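Student: There's a structure below that I have some questions on.
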Amino acid sequence: MKRAIDWLDDRTGCRRLLQDALFEHIPGGARWRYIWGSTLSFCFVVQILTGLALWMAYSASAATAWESVYFIQYELTGGWLLRGLHHFTAQAMHVLLVLHLMQVIVDGAYRAPREVNHWFGIVLLLLTLGLGLTGYLLPWDQKGYGATKVATNLLGLVPLIGSSLQKLVIGGSDYGHHTLTRFFALHAGILPGAMIVAIAAHVALFRRHGITAKQPYRKPDAKFWPDQVLMDAVACLAVLAAVLYLTVRHHGAELFAPANPSEPFNAARPEWYFLFLFEFLKLDLLNQWFGHQGEFVGAIVVPTVVLLVVAAMPFLANWRYGHRFNLGFLAMILLGAGALTVRSLRKDSHNAEYQIALIQAQAEAERITTLIKANNGVPVSGAASLLRNDPATAGPKLFAQHCASCHRHDGHDGLGIVSPEAPSAPDLKGFGSRAWLAGLLDATRITNHTYYGGSKFHDGKMVRYVREKLPPLRDRDPKALAALIAAVSAEAALPAQRDTETRETALIEAGRTHVRETFACTDCHAFRKPDDDATAADLTGWGSREWVLGIIADPSHPRFYGKRNDRMPAFVKDGRISSTEAGLIADWLRDDTDPALVANRVARTAP
Amino acid sequence: MSNPPPPPGTDRRSFLKETAAGVIGGCCVLIPAVIGIVAWLDPLEHDAGNGSLLKVALLDALPKDGSPRRVTIIMEKTDAWTRQHAVPIGAVYLVRNGDTVTALHSMCPHAGCFVDYQPARRSFFCPCHESTFAVDGSINDPHSPSPRGLDTLEVEVRGSEVWVRFQNFRTGSRKKVPAA
């Protein structure tokens, strides 16, 4: 063995290399305050290892990025752990960088002759921020997409070349495949490559000038190996433990729903280590002092000036109070950034709209995984196509857009926003259900805003019937009304009532007789057979998918309101919405949102 | 160990050799680098264009009270190697005023976030930096970080149909300049 090592040493000089690496002289012995550089190197190695493994499962294109990250997160063995480790190590790196910078400034390790090494440190800081920024986009989810849009738009503020720069970074005029391929090339190639070069130079220069030992020495001098290496290893283990703890606690990194440029994403926020800048740009004083240049000053001039001051610190230190100035400056920047971060987090925690948006975003993220599982995979048309064809996701949005100016859904617009104006049409939450119908047939409730209160039917024939004729009939045979409600509601064939209706066929059958005889509904309505004399909406299939689609398509059709239609437009007939959109609204209203059905629908509409 | 070679001379011959070595070596690196950079600069060759007029809604579908209605822009899109016939690429807000319609881009002119209309406040709200805009798109908050109001888009009302020319504009500048 020794002979083999001797031979290798003769040919390569490896013993000398190892000796140089391990037996660096440390005046005053190993100390915990020297660990930061090693923990950062350790984090970088973790990022390379986990990044390479992620790379093997990632596909950078607008059609596949989210889908491949979904696969990593939910299907790949240990994928969530791998992605979580990469995500939280990146966060740890930012914290450790600040600690390292603090140690360097406090101990005066930036002073001559270590100026160049200090600059390499700044370059490494910028590269780490760049890696964080470029990595954020790669999952191509709503959050990363929104944040990257802001970041790249800020790039457009650079004078003269801003617009071209922005185009080069996003790979064209709009965000798409080439935005991802370029960001991925930066994230996995250019920036880590530059980082390796910069770390090599940083370590080489560090070795050239030696450690800046903290006075007074507490212990006799020692070598890097094994004293300091042991401390470094313990520190790295602590970092790893913290990162693993965070990963397990959050079950990996968050993955929001796929990016969608046509919908608002009100939970848009940058990663926490950029929040200070985000909050800084919101400060009124930027606008007050610099007017419309405030944005440019805040996003570009101020950060550049801060970095230049940090870079000039070795020279400033030559001045009598220079080191104190540097310490004060660093403290001011860190406290300021910390205060802005806290301010931003606090504002968000008290912002009800942001919290609702966040809950909705998380619900959408959960829904898409359910849809993919029900589909046994992502269709070629992409994960976003599943959401677009999902009644539970698209239904309430379409309702808010097209229906909520008159109707409500559980008192709001379908998305949780409560309008101050009174509705002019019924609340459609639970439409077709027994509970909904029971309310309609209740003399005290039919003219509420939940039912006909806002519409022109508030003093119509139905209201008069429910107020005047129905109560004595109901009092004579209360069970008959319950049977009628069961029978008419059964026409809707709502998924939520399927089991009950299967059990209660006798009740429903009895109710059908009551519709015709006891309550004489068929004097006005058709019920289960054509009736040319009917003057009110058809109760055959009332509330069923086909019925709801019909009324959305054309409420003035004789089957529904005919000429007595209030103000409801013929949405499909007039081309306001497509029949597919009407179907999404109908399915959502009927709570018919089985994920397997969505998967089938997408399969049918796929090219 | 053999002796190291003598240091290079300073005569004319050595100068030529040094120059040639520098030039040839430099070319070997520069040629592939330039080829790579030219390909990287490709996006600068392509312009976004002025967009084309699209039928986006029916006039009757827009609220007569002047409340903005969001309309998704669905159109053909070519993204590098992919061509899709009908994909949602953005959204506009349509505001009806009698028989005329104003179309406002849904993108905040500040940093490009998606602006949401909030009926309760009767204003547009940007979730990123909290800019608010009036229903006509103008800035209605003196502290707004946005350099200009929401961008209006070219609209044509053709009979009962509303047509809009959908295009993006540069963010962050006071002037409304189409995105290149």
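Just remember, in the structure tokens the first chain shown is A, the second B, etc., residues are 1-based per chain, and ligands are 1-based in the order shown.
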Taking only C-alpha atoms into account, what are the residues of chain A at most 8 Å from chain B, put as a PyMOL selection string?
Tutor: chain A and resi 146+149-151+153-154+156-157+163-164+167-168+171-174+176-178+260-269+278+281-282+284+287+292+294-295+354+401+418-420+575-576
Student: For the structure I just gave you, how does DSSP split segment 324-413 of chain A - specifically, which residues are helix (DSSP H, G or I)? Reply as a short mmCIF file (atom, residue, chain, number, x, y, z; two decimals) with N, CA, C and O atoms, in the first residue's frame.
Tutor:
```cif
data_model
loop_
_atom_site.label_atom_id
_atom_site.label_comp_id
_atom_site.auth_asym_id
_atom_site.auth_seq_id
_atom_site.Cartn_x
_atom_site.Cartn_y
_atom_site.Cartn_z
N ARG A 324 -14.63 51.40 12.54
CA ARG A 324 -15.89 51.64 13.27
C ARG A 324 -17.00 52.02 12.30
O ARG A 324 -18.14 51.60 12.45
N PHE A 325 -16.61 52.83 11.30
CA PHE A 325 -17.62 53.20 10.29
C PHE A 325 -18.15 51.95 9.60
O PHE A 325 -19.35 51.77 9.42
N ASN A 326 -17.20 51.06 9.22
CA ASN A 326 -17.60 49.84 8.53
C ASN A 326 -18.55 49.01 9.39
O ASN A 326 -19.55 48.49 8.89
N LEU A 327 -18.20 48.89 10.67
CA LEU A 327 -19.06 48.12 11.58
C LEU A 327 -20.45 48.76 11.66
O LEU A 327 -21.47 48.07 11.57
N GLY A 328 -20.47 50.07 11.78
CA GLY A 328 -21.74 50.79 11.88
C GLY A 328 -22.56 50.65 10.62
O GLY A 328 -23.76 50.41 10.66
N PHE A 329 -21.86 50.75 9.47
CA PHE A 329 -22.55 50.65 8.19
C PHE A 329 -23.18 49.27 8.04
O PHE A 329 -24.35 49.13 7.67
N LEU A 330 -22.40 48.25 8.35
CA LEU A 330 -22.90 46.88 8.22
C LEU A 330 -24.11 46.67 9.14
O LEU A 330 -25.13 46.10 8.74
N ALA A 331 -23.95 47.18 10.39
CA ALA A 331 -25.05 47.02 11.36
C ALA A 331 -26.30 47.72 10.84
O ALA A 331 -27.41 47.18 10.91
N MET A 332 -26.11 48.90 10.27
CA MET A 332 -27.24 49.66 9.76
C MET A 332 -27.95 48.90 8.63
O MET A 332 -29.17 48.78 8.61
N ILE A 333 -27.15 48.37 7.70
CA ILE A 333 -27.73 47.65 6.56
C ILE A 333 -28.47 46.40 7.05
O ILE A 333 -29.61 46.12 6.65
N LEU A 334 -27.82 45.65 7.95
CA LEU A 334 -28.45 44.40 8.40
C LEU A 334 -29.70 44.67 9.23
O LEU A 334 -30.72 44.00 9.05
N LEU A 335 -29.61 45.67 10.09
CA LEU A 335 -30.80 46.00 10.90
C LEU A 335 -31.92 46.53 10.00
O LEU A 335 -33.08 46.17 10.17
N GLY A 336 -31.53 47.35 9.04
CA GLY A 336 -32.53 47.89 8.11
C GLY A 336 -33.20 46.77 7.32
O GLY A 336 -34.43 46.72 7.23
N ALA A 337 -32.38 45.87 6.78
CA ALA A 337 -32.94 44.75 6.00
C ALA A 337 -33.82 43.88 6.89
O ALA A 337 -34.91 43.45 6.49
N GLY A 338 -33.35 43.65 8.11
CA GLY A 338 -34.12 42.84 9.06
C GLY A 338 -35.45 43.50 9.38
O GLY A 338 -36.51 42.85 9.35
N ALA A 339 -35.40 44.81 9.62
CA ALA A 339 -36.63 45.53 9.97
C ALA A 339 -37.61 45.51 8.80
O ALA A 339 -38.82 45.31 8.98
N LEU A 340 -37.09 45.68 7.58
CA LEU A 340 -37.97 45.66 6.40
C LEU A 340 -38.60 44.28 6.21
O LEU A 340 -39.77 44.15 5.85
N THR A 341 -37.78 43.24 6.47
CA THR A 341 -38.31 41.88 6.33
C THR A 341 -39.43 41.66 7.35
O THR A 341 -40.50 41.14 7.00
N VAL A 342 -39.19 42.06 8.59
CA VAL A 342 -40.21 41.89 9.63
C VAL A 342 -41.46 42.68 9.28
O VAL A 342 -42.59 42.20 9.39
N ARG A 343 -41.25 43.91 8.79
CA ARG A 343 -42.38 44.76 8.42
C ARG A 343 -43.22 44.10 7.33
O ARG A 343 -44.44 44.08 7.40
N SER A 344 -42.53 43.53 6.34
CA SER A 344 -43.23 42.89 5.24
C SER A 344 -44.03 41.68 5.74
O SER A 344 -45.20 41.50 5.39
N LEU A 345 -43.40 40.86 6.58
CA LEU A 345 -44.07 39.67 7.10
C LEU A 345 -45.27 40.05 7.97
O LEU A 345 -46.32 39.43 7.90
N ARG A 346 -45.06 41.08 8.77
CA ARG A 346 -46.15 41.51 9.67
C ARG A 346 -47.34 42.05 8.88
O ARG A 346 -48.48 41.75 9.18
N LYS A 347 -47.01 42.84 7.84
CA LYS A 347 -48.08 43.39 7.03
C LYS A 347 -48.89 42.27 6.38
O LYS A 347 -50.12 42.31 6.35
N ASP A 348 -48.18 41.28 5.87
CA ASP A 348 -48.88 40.17 5.22
C ASP A 348 -49.73 39.38 6.21
O ASP A 348 -50.81 38.92 5.87
N SER A 349 -49.22 39.24 7.44
CA SER A 349 -49.97 38.44 8.41
C SER A 349 -51.26 39.16 8.82
O SER A 349 -52.20 38.53 9.27
N ALA A 352 -55.83 40.54 5.25
CA ALA A 352 -56.83 39.47 5.06
C ALA A 352 -56.89 39.02 3.60
O ALA A 352 -57.00 37.83 3.31
N GLU A 353 -56.77 39.98 2.67
CA GLU A 353 -56.85 39.62 1.25
C GLU A 353 -55.68 38.72 0.86
O GLU A 353 -55.85 37.74 0.13
N TYR A 354 -54.50 39.06 1.37
CA TYR A 354 -53.33 38.23 1.06
C TYR A 354 -53.51 36.83 1.64
O TYR A 354 -53.21 35.82 0.99
N GLN A 355 -54.04 36.77 2.87
CA GLN A 355 -54.23 35.48 3.52
C GLN A 355 -55.24 34.63 2.75
O GLN A 355 -55.04 33.43 2.55
N ILE A 356 -56.34 35.28 2.27
CA ILE A 356 -57.33 34.53 1.46
C ILE A 356 -56.68 34.03 0.18
O ILE A 356 -56.84 32.88 -0.21
N ALA A 357 -55.90 34.91 -0.45
CA ALA A 357 -55.23 34.54 -1.70
C ALA A 357 -54.27 33.37 -1.47
O ALA A 357 -54.17 32.46 -2.29
N LEU A 358 -53.59 33.40 -0.33
CA LEU A 358 -52.63 32.34 -0.01
C LEU A 358 -53.37 31.01 0.19
O LEU A 358 -52.94 29.96 -0.31
N ILE A 359 -54.48 31.07 0.90
CA ILE A 359 -55.26 29.85 1.15
C ILE A 359 -55.79 29.31 -0.19
O ILE A 359 -55.73 28.11 -0.45
N GLN A 360 -56.26 30.23 -1.04
CA GLN A 360 -56.75 29.78 -2.35
C GLN A 360 -55.63 29.17 -3.18
O GLN A 360 -55.82 28.14 -3.84
N ALA A 361 -54.46 29.79 -3.13
CA ALA A 361 -53.31 29.27 -3.89
C ALA A 361 -52.93 27.89 -3.39
O ALA A 361 -52.62 26.98 -4.17
N GLN A 362 -52.96 27.72 -2.07
CA GLN A 362 -52.61 26.42 -1.51
C GLN A 362 -53.68 25.38 -1.86
O GLN A 362 -53.36 24.22 -2.15
N ALA A 363 -54.95 25.81 -1.85
CA ALA A 363 -56.03 24.88 -2.21
C ALA A 363 -55.89 24.46 -3.66
O ALA A 363 -56.08 23.29 -4.01
N GLU A 364 -55.51 25.41 -4.51
CA GLU A 364 -55.34 25.09 -5.93
C GLU A 364 -54.16 24.13 -6.12
O GLU A 364 -54.23 23.22 -6.94
N ALA A 365 -53.12 24.36 -5.36
CA ALA A 365 -51.94 23.48 -5.43
C ALA A 365 -52.33 22.06 -5.01
O ALA A 365 -51.88 21.07 -5.61
N GLU A 366 -53.17 21.97 -4.00
CA GLU A 366 -53.60 20.65 -3.53
C GLU A 366 -54.52 20.00 -4.55
O GLU A 366 -54.43 18.81 -4.82
N ARG A 367 -55.39 20.83 -5.15
CA ARG A 367 -56.35 20.30 -6.11
C ARG A 367 -55.64 19.71 -7.33
O ARG A 367 -56.02 18.67 -7.83
N ILE A 368 -54.61 20.39 -7.79
CA ILE A 368 -53.94 19.90 -9.00
C ILE A 368 -53.29 18.54 -8.75
O ILE A 368 -53.32 17.66 -9.61
N THR A 369 -52.79 18.33 -7.55
CA THR A 369 -52.19 17.01 -7.27
C THR A 369 -53.30 15.94 -7.24
O THR A 369 -53.10 14.84 -7.74
N THR A 370 -54.46 16.31 -6.70
CA THR A 370 -55.59 15.35 -6.69
C THR A 370 -55.99 15.00 -8.12
O THR A 370 -56.23 13.83 -8.45
N LEU A 371 -56.05 16.02 -8.97
CA LEU A 371 -56.46 15.80 -10.36
C LEU A 371 -55.46 14.91 -11.09
O LEU A 371 -55.85 14.01 -11.83
N ILE A 372 -54.19 15.16 -10.84
CA ILE A 372 -53.17 14.37 -11.54
C ILE A 372 -53.23 12.91 -11.07
O ILE A 372 -53.14 11.98 -11.87
N LYS A 373 -53.43 12.73 -9.78
CA LYS A 373 -53.51 11.36 -9.25
C LYS A 373 -54.72 10.64 -9.86
O LYS A 373 -54.64 9.48 -10.23
N ALA A 374 -55.85 11.38 -9.98
CA ALA A 374 -57.06 10.75 -10.53
C ALA A 374 -56.87 10.42 -12.01
O ALA A 374 -57.50 9.52 -12.54
N ALA A 383 -50.37 20.24 -17.06
CA ALA A 383 -51.14 20.27 -15.82
C ALA A 383 -52.14 21.41 -15.81
O ALA A 383 -53.24 21.29 -15.28
N ALA A 384 -51.77 22.53 -16.45
CA ALA A 384 -52.66 23.69 -16.44
C ALA A 384 -53.98 23.36 -17.13
O ALA A 384 -55.03 23.89 -16.77
N SER A 385 -53.94 22.43 -18.13
CA SER A 385 -55.18 22.08 -18.83
C SER A 385 -56.14 21.36 -17.88
O SER A 385 -57.35 21.45 -18.03
N LEU A 386 -55.59 20.61 -16.92
CA LEU A 386 -56.45 19.95 -15.93
C LEU A 386 -57.18 20.99 -15.11
O LEU A 386 -58.38 20.87 -14.85
N LEU A 387 -56.46 22.02 -14.69
CA LEU A 387 -57.09 23.06 -13.87
C LEU A 387 -58.11 23.85 -14.68
O LEU A 387 -59.15 24.24 -14.17
N ARG A 388 -57.79 24.08 -15.94
CA ARG A 388 -58.73 24.84 -16.79
C ARG A 388 -60.03 24.06 -16.99
O ARG A 388 -61.07 24.64 -17.21
N PRO A 391 -64.05 21.83 -12.73
CA PRO A 391 -65.14 22.68 -12.24
C PRO A 391 -64.81 23.31 -10.88
O PRO A 391 -65.16 24.47 -10.65
N ALA A 392 -64.12 22.57 -10.02
CA ALA A 392 -63.84 23.10 -8.68
C ALA A 392 -62.90 24.30 -8.74
O ALA A 392 -62.93 25.17 -7.88
N THR A 393 -62.05 24.37 -9.78
CA THR A 393 -61.10 25.48 -9.91
C THR A 393 -61.66 26.57 -10.81
O THR A 393 -61.69 27.75 -10.44
N ALA A 394 -62.09 26.15 -12.01
CA ALA A 394 -62.53 27.15 -13.00
C ALA A 394 -63.95 27.62 -12.72
O ALA A 394 -64.29 28.77 -13.01
N GLY A 395 -64.79 26.73 -12.15
CA GLY A 395 -66.20 27.06 -11.91
C GLY A 395 -66.37 28.36 -11.12
O GLY A 395 -67.02 29.29 -11.59
N PRO A 396 -65.80 28.44 -9.92
CA PRO A 396 -66.01 29.67 -9.14
C PRO A 396 -65.43 30.91 -9.80
O PRO A 396 -65.98 32.01 -9.67
N LYS A 397 -64.33 30.74 -10.57
CA LYS A 397 -63.76 31.92 -11.24
C LYS A 397 -64.71 32.42 -12.33
O LYS A 397 -64.92 33.62 -12.49
N LEU A 398 -65.27 31.46 -13.09
CA LEU A 398 -66.22 31.84 -14.14
C LEU A 398 -67.47 32.44 -13.52
O LEU A 398 -68.05 33.39 -14.04
N PHE A 399 -67.89 31.86 -12.39
CA PHE A 399 -69.08 32.36 -11.70
C PHE A 399 -68.84 33.81 -11.27
O PHE A 399 -69.68 34.69 -11.49
N ALA A 400 -67.66 34.05 -10.69
CA ALA A 400 -67.34 35.41 -10.22
C ALA A 400 -67.34 36.39 -11.39
O ALA A 400 -67.78 37.53 -11.28
N GLN A 401 -66.86 35.91 -12.53
CA GLN A 401 -66.71 36.77 -13.69
C GLN A 401 -68.06 37.04 -14.39
O GLN A 401 -68.32 38.16 -14.81
N HIS A 402 -68.88 36.01 -14.51
CA HIS A 402 -70.08 36.15 -15.34
C HIS A 402 -71.39 36.17 -14.56
O HIS A 402 -72.38 36.67 -15.07
N CYS A 403 -71.43 35.57 -13.39
CA CYS A 403 -72.72 35.39 -12.71
C CYS A 403 -72.87 36.28 -11.48
O CYS A 403 -73.98 36.62 -11.09
#
```
Student: If I take atom CA of Tyr217 of chain A and atom CA of Leu205 of chain A, how far is one from the other in Å, to one decimal?
Tutor: 23.1 Å
Student: Pull the strand (DSSP E) assignments for chain B out of DSSP run on the backbone, and list those residues as a ChimeraX atom specification.
Tutor: /B:53-58,69-79,82-97,100-105,116-118,123-125,132-133,152-153,155-158,161-165
Student: Please provide as a list in words all residues within 12 Å of Met195 of chain A, with the sequence filter that same-chain residues fewer than 6 positions apart are discarded (counting only C-alpha atoms).
Tutor: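 The neighbour list is Leu40, Ser41, Phe44, Val45, Gln47, Ile48, Phe120, Gly121, Ile122, Val123, Leu124, Leu125, Leu126, Leu127, Thr128, Leu129, Gly130, Leu131, Leu186, His187, Ala188, Gly189, Ala201, His202 and Val203 of chain A.
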Student: Considering only C-alpha atoms, return as an NGL selection string whatever protein or nucleic-acid residues lie within 10 Å of Asn140 of chain B, sequence-local ones (same chain, fewer than 5 positions apart) excluded.
Tutor: :B and (123-124 or 131-135 or 149)
Student: Any chance you can output those residues with C-alpha atoms as a compact mmCIF listing (two decimals), in the first residue's frame?
Tutor:
```txt
# COMPACT_ATOMS: atom_id res chain seq x y z
CA SER B 123 -60.73 50.08 -7.94
CA PHE B 124 -57.95 47.95 -9.32
CA SER B 131 -50.76 50.22 -6.24
CA THR B 132 -54.38 51.09 -6.78
CA PHE B 133 -56.02 52.38 -9.94
CA ALA B 134 -59.41 53.93 -10.59
CA VAL B 135 -61.94 52.22 -12.82
CA GLY B 149 -51.92 54.40 -14.97
```
Student: Pick the closest to Ala506 of chain A from A:Ala492, A:Val116, A:Val572, A:Ala483: which is it, counting only C-alpha atoms?
Tutor: A:Ala483
Student: List the neighbours of Asn97 of chain B out to 9 Å using only C-alpha atoms; skip same-chain residues closer than 5 positions along the sequence, and give me the result as a list in words.
Tutor: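 After dropping sequence-adjacent residues, the list is Lys64, Asp65, Gly66 and Thr102 of chain B.
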Student: Need to verify the contact set: Tyr273 of chain A, 8 Å, only C-alpha atoms, exclusion of same-chain residues closer than 3 positions in sequence. Can you return it as a ChimeraX atom specification?
Tutor: /A:91,94,270,276,341
Student: Name the residues in contact with Gln215 of chain A at a cut-off of 10 Å, using only C-alpha atoms, excluding same-chain residues fewer than 2 positions from it; report them as a VMD selection string.
Tutor: chain A and resid 27 to 28 107 212 to 213 217 to 218
Student: Next, dump the selected residues to file, keeping only N, CA, C and O atoms, as a PDB file, in the first residue's frame.
Tutor:
```pdb
ATOM      1  N   PRO A  27      -3.034  30.297  14.359  1.00  0.00           N
ATOM      2  CA  PRO A  27      -2.515  30.910  15.589  1.00  0.00           C
ATOM      3  C   PRO A  27      -3.633  30.974  16.637  1.00  0.00           C
ATOM      4  O   PRO A  27      -4.752  31.355  16.306  1.00  0.00           O
ATOM      5  N   GLY A  28      -3.314  30.578  17.849  1.00  0.00           N
ATOM      6  CA  GLY A  28      -4.325  30.637  18.913  1.00  0.00           C
ATOM      7  C   GLY A  28      -5.285  29.472  18.884  1.00  0.00           C
ATOM      8  O   GLY A  28      -6.258  29.454  19.637  1.00  0.00           O
ATOM      9  N   ASP A 107     -14.108  40.909  12.742  1.00  0.00           N
ATOM     10  CA  ASP A 107     -12.721  40.518  13.040  1.00  0.00           C
ATOM     11  C   ASP A 107     -11.700  41.291  12.210  1.00  0.00           C
ATOM     12  O   ASP A 107     -10.495  41.082  12.345  1.00  0.00           O
ATOM     13  N   THR A 212      -7.206  35.220   9.759  1.00  0.00           N
ATOM     14  CA  THR A 212      -7.112  36.427  10.591  1.00  0.00           C
ATOM     15  C   THR A 212      -7.476  36.008  12.008  1.00  0.00           C
ATOM     16  O   THR A 212      -8.655  35.933  12.369  1.00  0.00           O
ATOM     17  N   ALA A 213      -6.440  35.657  12.782  1.00  0.00           N
ATOM     18  CA  ALA A 213      -6.706  35.083  14.098  1.00  0.00           C
ATOM     19  C   ALA A 213      -7.215  36.151  15.051  1.00  0.00           C
ATOM     20  O   ALA A 213      -6.778  37.300  15.028  1.00  0.00           O
ATOM     21  N   TYR A 217      -5.043  35.295  21.945  1.00  0.00           N
ATOM     22  CA  TYR A 217      -5.064  33.844  21.751  1.00  0.00           C
ATOM     23  C   TYR A 217      -5.422  33.169  23.057  1.00  0.00           C
ATOM     24  O   TYR A 217      -4.879  33.488  24.102  1.00  0.00           O
ATOM     25  N   ARG A 218      -6.331  32.234  22.973  1.00  0.00           N
ATOM     26  CA  ARG A 218      -6.740  31.539  24.200  1.00  0.00           C
ATOM     27  C   ARG A 218      -6.007  30.222  24.379  1.00  0.00           C
ATOM     28  O   ARG A 218      -5.927  29.685  25.474  1.00  0.00           O
TER      29      ARG A 218
END
```
Student: Atom CA of Ala526 of chain A and atom CA of Arg434 of chain A, how far apart in Å?
Tutor: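 Answer for the atom CA of Arg434 of chain A to atom CA of Ala526 of chain A separation: 19.2 Å.
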Student: What is the atom CA of Thr12 of chain A-atom CA of Ile26 of chain A distance in Å, reported with one decimal?
Tutor: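 Interatomic distance, atom CA of Thr12 of chain A to atom CA of Ile26 of chain A: 26.8 Å.
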